[in-house]
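Engineer: Mind having a look at this structure? Questions to follow.
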Amino acid sequence: MIGRIRGILVEKSPPDVLIDVGGVGYEIQMPMTSLYQLPETGMEVKVYTHFVVREDAQLLFGFADKQERSLFRELIKANGVGPKMALTIMSGMSAAQFVQVVNNGDVTSLVKLPGVGKKTAERLIVEMKDRLKSLFGESVDTVMAPEQVVTETTPLLQQTSIKDDAIFALIALGYKQAQAEKMVQGVYQESLTSEEIIRDALRSVA
């Protein structure tokens, strides 16, 4: 099991990142809530990881802290929730927001996420209530989301490329191309980075 990686952040291509560790590049998929917290490329970064082995692939998922990784691990234990859906859920809402959704039985917020149907949302809420208490304790209502700070600037990128990157990231998270394009167009501003556009686009459907 690969539990943590520390190295130089080489690339950010949401929801994927590439981290160089002693000359070996690790491709890692991250929820947007974690990816927002990464420093600029070229800087050292530490991420907590979860390694998934399938018949057709070996996948590495990364998180800003152990709490987010624990939430991911609990999500993929739920019936009908795989790593991709867990990544989508955690990209669409913070840990604190997810806890609130579960506590309130808020099916509507979950079904707004791509790939989450009403039955899956209802089942997820039922299954996660007890798991969240064991994960966060009785005070799950006080779980705080980590500060989401975007520090990267992209002065050398064309704006069209930034929009394309944001659209591609949303498609990778499960949104249809037409929906992703509409979400990006609705929040696009020339001054924003691709990560900020993705963040605002996800918030627009929350």
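Order determines the names: the first chain of the structure tokens is A, the second B, and so forth; residues in each chain are numbered 1 upward, and ligands are numbered 1 upward as they are shown.
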Pull the closest atom pair for each residue of range 20-40 of chain A that gets at most 12 Å from range 167-186 of chain A, along with the distance in Å to one decimal, counting only C-alpha atoms, ordering rows by chain and then ascending residue number, as JSON lines.

Structural biologist:
{"residue": "A:Gln29", "atom": "CA", "partner": "A:Ala172", "partner_atom": "CA", "distance": 10.3}
{"residue": "A:Met30", "atom": "CA", "partner": "A:Leu173", "partner_atom": "CA", "distance": 10.3}
{"residue": "A:Pro31", "atom": "CA", "partner": "A:Leu173", "partner_atom": "CA", "distance": 8.9}
{"residue": "A:Met32", "atom": "CA", "partner": "A:Ala169", "partner_atom": "CA", "distance": 9.5}
{"residue": "A:Leu35", "atom": "CA", "partner": "A:Ala169", "partner_atom": "CA", "distance": 11.7}

Engineer: Just the selected residues (C-alpha atoms), exported as a tab-separated table (two decimals), in the first residue's frame, please.

Structural biologist:
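Dumped everything to again_39.tsv:
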chain	number	residue	atom	x	y	z
A	29	GLN	CA	-6.08	11.50	-9.30
A	30	MET	CA	-7.35	13.97	-6.72
A	31	PRO	CA	-10.73	15.42	-5.76
A	32	MET	CA	-10.90	19.10	-6.59
A	35	LEU	CA	-6.28	19.83	-5.68

Engineer: Could you pull out the strand (DSSP E or B) residues of range 18-192 of chain A, going by DSSP on the backbone, and write them as a ChimeraX atom specification?

Structural biologist: /A:18-21,24-29,44-53,58-63

Engineer: Output C-alpha atoms of each residue in that selection to a file, as a short mmCIF file (atom, residue, chain, number, x, y, z; two decimals), in the first residue's frame.

Structural biologist:
data_model
loop_
_atom_site.label_atom_id
_atom_site.label_comp_id
_atom_site.auth_asym_id
_atom_site.auth_seq_id
_atom_site.Cartn_x
_atom_site.Cartn_y
_atom_site.Cartn_z
CA LEU A 18 2.07 14.32 -11.65
CA ILE A 19 4.52 14.23 -8.74
CA ASP A 20 8.22 13.49 -9.22
CA VAL A 21 9.71 11.40 -6.42
CA VAL A 24 9.90 8.57 -10.74
CA GLY A 25 6.71 10.33 -11.78
CA TYR A 26 3.53 9.28 -9.98
CA GLU A 27 0.22 9.99 -11.72
CA ILE A 28 -2.39 10.70 -9.06
CA GLN A 29 -6.08 11.50 -9.30
CA GLU A 44 7.46 20.32 -3.06
CA VAL A 45 4.15 18.75 -2.13
CA LYS A 46 2.94 16.00 0.19
CA VAL A 47 -0.25 14.05 -0.44
CA TYR A 48 -1.87 11.13 1.35
CA THR A 49 -2.76 8.36 -1.05
CA HIS A 50 -5.02 5.39 -1.58
CA PHE A 51 -3.89 2.68 -4.02
CA VAL A 52 -6.49 0.78 -6.04
CA VAL A 53 -5.60 -2.36 -8.00
CA GLN A 58 -3.56 0.34 -11.03
CA LEU A 59 -4.83 3.70 -9.80
CA LEU A 60 -3.47 6.10 -7.22
CA PHE A 61 -5.74 8.63 -5.54
CA GLY A 62 -4.38 11.55 -3.56
CA PHE A 63 -5.74 13.78 -0.77
#

Engineer: What is the distance between CA of Ala86 in chain A and CA of Gly42 in chain A, in Å to one decimal?

Structural biologist: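 Taking CA of Ala86 in chain A and CA of Gly42 in chain A, their separation equals 28.4 Å.
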
Engineer: When you draw a straight line from CA of Arg69 in chain A to CA of Asp16 in chain A, how long is it in Å?

Structural biologist: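 Between CA of Arg69 in chain A and CA of Asp16 in chain A the gap is 16.0 Å.
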
Engineer: Identify, on the basis of only C-alpha atoms, every residue whose closest approach to Met85 in chain A does not exceed 8 Å; exclude the query and any residue fewer than 3 positions from it along the same chain; express the result as an MDAnalysis selection string.

Structural biologist: chainID A and resid 81:82 88:89 115:116

Engineer: Counting only C-alpha atoms, which of A:Ala121, A:Ala96, A:Ala57, A:Leu132 gets nearest to Ser70 in chain A?

Structural biologist: A:Leu132

Engineer: From a DSSP pass on the backbone, collect the residues of range 59-101 of chain A flagged as alpha helix (DSSP H) and hand them back as JSON, numbers by chain.

Structural biologist: {"A": [66, 67, 68, 69, 70, 71, 72, 73, 74, 75, 83, 84, 85, 86, 87, 88, 89, 90, 91, 92, 95, 96, 97, 98, 99, 100, 101]}

Engineer: Go through A:Val205, A:Glu127, A:Ala166, A:Pro14 one by one, measure the shortest atom-to-atom distance of each to Leu192 in chain A using only C-alpha atoms, and give the residue with the smallest value.

Structural biologist: A:Ala166

Engineer: Could you state the separation of CA of Ile162 in chain A and CA of Pro15 in chain A in Å, given to one decimal place?

Structural biologist: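 Calculated distance between CA of Ile162 in chain A and CA of Pro15 in chain A is 14.0 Å.
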
Engineer: Which of these, A:Arg123, A:Glu55, A:Ala64, A:Pro39, has the shortest distance to Ile5 in chain A once you count only C-alpha atoms?

Structural biologist: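 Checking each candidate against Ile5 in chain A, we get A:Ala64 as the closest.
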
Engineer: Here is a test: counting only C-alpha atoms, which residue of A:Arg203, A:Lys77, A:Lys118, A:Lys163 is nearest to Gly105 in chain A?

Structural biologist: A:Lys118

Engineer: Ranking A:Arg54, A:Ala95, A:Phe72, A:Lys12 by minimum distance to Asp165 in chain A and counting only C-alpha atoms, which one comes first?

Structural biologist: A:Lys12
